Amino acid sequence: MKKIILNRDAPALRKIALEVPIKAIGTKKIQNILNKMKGALDKEDDGVAIAAPQIGESLRIFVVSGRTLSLIKNGDAVIKDKNKSDDIVFINPVLTKLSKSKKKMEEGCLSVRWLYGQVERSEKATIEAYDENGKKFIKGASGLMAQIFQHEVDHLNGVLFIDKATNVENIPPKKENE
């Protein structure tokens, strides 16, 4: 099966993504892109979010996995699929506020497989975006969700976490019998 998620060498990951025209949000084209993003994210057990450029679409869209939202709400408890929250779609996201207090956080990326490093991020972030129905919303977050907002907006600006990371390590997945 063809891998949908682009790797770090793909030129599409280094371009500044284009805004989605508001009138286009409900179109079949955008809905198909969202479905492709959600499907790709769902196939990656360790994926917390995905940006449109990661599937080759240079559009300002990212999706946060419902699995991640469930983990945040339940404090890292094991989540059964039936209790999974819905994915959250962010179209034309803009970080409107970042806290001055920053923290080094461990990061990885579905497009930069098995490399992990420390990235300094604001501890709190506020984002303004449109949902998949074209409704504007504002969401504030701290911790992991604030980190996700910043990481995904970086993707939309052609920036990968390895551009900012320190202490980068290659940590391949453990094999079943390890």
# chains A, B, ... in the order shown; residues from 1 in each chain; ligands from 1
call {"tool": "residues_around", "arguments": {"residues": "Ile61 in chain A", "least_positions_apart": "6", "cutoff": "6 Å", "atoms": "only C-alpha atoms", "output": "PyMOL selection string"}}
result
chain A and resi 51-52+90-91
call {"tool": "select_by_dssp", "arguments": {"residues": "range 19-114 of chain A", "states": "strand (DSSP E)", "output": "PyMOL selection string"}}
result
chain A and resi 49-51+61-64+88-98+102-107
call {"tool": "closest_residue", "arguments": {"among": "A:Asp163, A:Asp42, A:Glu19, A:Glu132", "to": "Gln118 in chain A", "atoms": "only C-alpha atoms"}}
result
A:Asp163
call {"tool": "residues_around", "arguments": {"residues": "range 99-102 of chain A", "least_positions_apart": "6", "cutoff": "6 Å", "atoms": "only C-alpha atoms", "output": "PyMOL selection string"}}
result
chain A and resi 121-124
call {"tool": "write_last_selection", "arguments": {"atoms": "C-alpha atoms", "output": "PDB file, in the first residue's frame"}}
result
ATOM      1  CA  ARG A 121       7.728  26.004  22.924  1.00  0.00           C
ATOM      2  CA  SER A 122       5.418  28.423  24.684  1.00  0.00           C
ATOM      3  CA  GLU A 123       3.631  26.635  27.516  1.00  0.00           C
ATOM      4  CA  LYS A 124       0.281  28.177  26.542  1.00  0.00           C
TER       5      LYS A 124
END
call {"tool": "residues_around", "arguments": {"residues": "range 27-33 of chain A", "least_positions_apart": "4", "cutoff": "9 Å", "atoms": "only C-alpha atoms", "output": "PyMOL selection string"}}
result
chain A and resi 20+23+37-38+52+55+57+132
call {"tool": "write_last_selection", "arguments": {"atoms": "C-alpha atoms", "output": "short mmCIF file (atom, residue, chain, number, x, y, z; two decimals), in the first residue's frame"}}
result
data_model
loop_
_atom_site.label_atom_id
_atom_site.label_comp_id
_atom_site.auth_asym_id
_atom_site.auth_seq_id
_atom_site.Cartn_x
_atom_site.Cartn_y
_atom_site.Cartn_z
CA VAL A 20 -8.32 27.95 2.19
CA LYS A 23 -16.31 29.56 0.48
CA MET A 37 -5.83 13.49 6.53
CA LYS A 38 -8.02 11.79 9.14
CA ALA A 52 -2.26 19.10 5.06
CA ILE A 55 -0.15 14.53 2.63
CA GLU A 57 -1.72 19.41 0.03
CA GLU A 132 -14.83 21.78 8.83
#
call {"tool": "closest_residue", "arguments": {"among": "A:Thr96, A:Asn157, A:Gln147, A:Asn170", "to": "Val64 in chain A", "atoms": "only C-alpha atoms"}}
result
A:Gln147
call {"tool": "closest_atom_pairs", "arguments": {"of": "range 18-99 of chain A", "to": "range 5-12 of chain A", "cutoff": "8 Å", "atoms": "only C-alpha atoms", "output": "CSV"}}
result
residue,atom,partner,partner_atom,distance
A:Ala40,CA,A:Ile5,CA,6.9
A:Pro53,CA,A:Ala12,CA,6.1
A:Gln54,CA,A:Leu6,CA,5.3
A:Ile55,CA,A:Ile5,CA,5.0
A:Gly56,CA,A:Ala12,CA,5.9
A:Glu57,CA,A:Ala12,CA,7.6
A:Ser58,CA,A:Ala12,CA,6.8
call {"tool": "residues_around", "arguments": {"residues": "Asp87 in chain A", "least_positions_apart": "2", "cutoff": "12 Å", "atoms": "only C-alpha atoms", "output": "count of residues only"}}
result
26
call {"tool": "atom_distance", "arguments": {"atom1": "CA of Leu160 in chain A", "atom2": "CA of Met145 in chain A"}}
result
17.4 Å
call {"tool": "closest_residue", "arguments": {"among": "A:Phe161, A:Trp114, A:Phe137, A:Phe149", "to": "Leu98 in chain A", "atoms": "only C-alpha atoms"}}
result
A:Phe149
call {"tool": "atom_distance", "arguments": {"atom1": "CA of Leu144 in chain A", "atom2": "CA of Met105 in chain A"}}
result
8.8 Å
call {"tool": "atom_distance", "arguments": {"atom1": "CA of Glu120 in chain A", "atom2": "CA of Arg14 in chain A"}}
result
20.4 Å
call {"tool": "select_by_dssp", "arguments": {"residues": "range 55-130 of chain A", "states": "helix (DSSP H, G or I)", "output": "ChimeraX atom specification"}}
result
/A:55,66-73,81-83
